[in-house]
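See below for the structure under consideration.
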Amino acid sequence: MVLNPSPMRILKSIPILILAISFNSAYGQYTEVINSNRPGVSKSAFSVGTGIVQFEAGAFSVKEEHALSNYEVSGFGLDFGLRYGVLFEQLELSVDGVYQNDNITYNNALIPIEEKRSNFKSFTLGAKYLVYDPYKNMEEAKPNLYSFHANSKFNWKSLIPAVSIYAGANFDAKDNPYTAPGIEGFSPKIMIATQNNFNNGWVFVMNLIKDRIGTDQSDFQYIFTLTHSFTPQWVVFGETQGIKSDFYADNIFRFGGAYLWTKDFQLDANIAFNTKDTPTVFNIAFGASYRLDFHKDKEIDNGNGNNGNFKKKKKKEKKKDKKTEDFDS
């Protein structure tokens, strides 16, 4: 029996088909479109996927005022990240850094004293590995192609996050104006990153970080990021970052969005601010992410050496035998 669905029925099925396509590309390491950590500063639990080389960079303004120490800071900064998926889908190697160039003006004296500064606030080499993926069982989380309501309702299993671990090494130059006195050379950094993918385009990422371990500037950080994609191209986010150490403590809030220009290129913008005056912080940032896609799907081996070409080889052998029979006859 052949069915001829009405145009209205076809139109109603389009959102569900889109959901099915996005599901297949979202729950895995490799995705059909770029998966960037920007525009926030948190890191997702998932890697970029094997064969992916991804660049993430941005520029930001610097504006600070300290009420007690009576100084002002103005300038600009650049942040960057290079991510590479290698060996396993769960593994990602990365290089991250933040460079800042500014002028700090001390207003305590009768004549203000201005000092020019520039250096890396951070420069880190690291590796991230996904240790738990609740979305790997595709059948359990498979979308219902016949019910949009069933796919929209809350899935309690989405409360179980994907979890990855990160280990890296910081490099701090000698006499760096952005670090505590005496901080130089290499120091360890570790992190736990979790990610929840909810229905209707909501994603929640949490990072718990211990940085510059064993130094006089060993700090603890937490980053909570909530992202929502309300169209295939547009994404908005909100983020809070807490920093606590003997050298510096702060709570920073970020809001912004990103636009997917092509499947391999993303643009973003955000603002960052805090709620204290020791010092006040206000930054405006613009950035972009781009990837080189060399990903190749692994060949399937069912245990007997067949990688999916068995039928093709069998057909070729049949054609060859037929030609031999015709020749002999």
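Numbering starts fresh at 1 for the residues of each chain in the structure tokens, the chains themselves are lettered A, B, ... in the order given, and ligands are numbered from 1 as they appear.
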
Surrounding residues of Met206 of chain A excluding itself and chain neighbours under 3 positions, 8 Å, only C-alpha atoms, as a ChimeraX atom specification | /A:42,193-195,222-225

Selection file, N, CA and C atoms, as a compact mmCIF listing (two decimals), in the first residue's frame:
```txt
# COMPACT_ATOMS: atom_id res chain seq x y z
N SER A 42 34.48 28.38 30.01
CA SER A 42 34.44 27.00 30.48
C SER A 42 34.79 26.04 29.35
N ALA A 193 35.33 18.41 34.35
CA ALA A 193 34.34 19.09 33.52
C ALA A 193 33.13 18.19 33.35
N THR A 194 31.94 18.72 33.59
CA THR A 194 30.70 17.96 33.38
C THR A 194 29.82 18.70 32.38
N GLN A 195 28.94 17.95 31.73
CA GLN A 195 28.05 18.55 30.72
C GLN A 195 26.72 17.81 30.69
N TYR A 222 35.59 27.82 40.02
CA TYR A 222 34.42 27.12 39.49
C TYR A 222 33.84 27.96 38.36
N ILE A 223 33.33 27.29 37.34
CA ILE A 223 32.69 27.97 36.22
C ILE A 223 31.40 27.23 35.90
N PHE A 224 30.27 27.93 35.90
CA PHE A 224 28.98 27.37 35.52
C PHE A 224 28.50 28.11 34.27
N THR A 225 28.20 27.37 33.22
CA THR A 225 27.78 27.96 31.95
C THR A 225 26.48 27.34 31.48
```

Please run DSSP on the backbone and report, as a count of residues only, all residues within segment 44-135 of chain A that come out as strand (DSSP E or B).
-> 67

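Around Phe247 of chain A, within 12 Å and counting only C-alpha atoms, the residues found are Tyr178, Thr179, Ala180, Pro181, Gly182, Ile183, Arg212, Thr215, Asp216, Gln217, Ser218, Asp219, Phe220, Ile243, Lys244 and Asp250 of chain A, once anything fewer than 3 positions away on its own chain is removed.
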
Tell me, as a list in words, which residues lie within 8 Å of Tyr129 of chain A, counting only C-alpha atoms; anything in the same chain fewer than 5 positions away does not count.
-> Ser47, Gln90, Leu91, Glu92, Ser164, Ile165 and Tyr166 of chain A
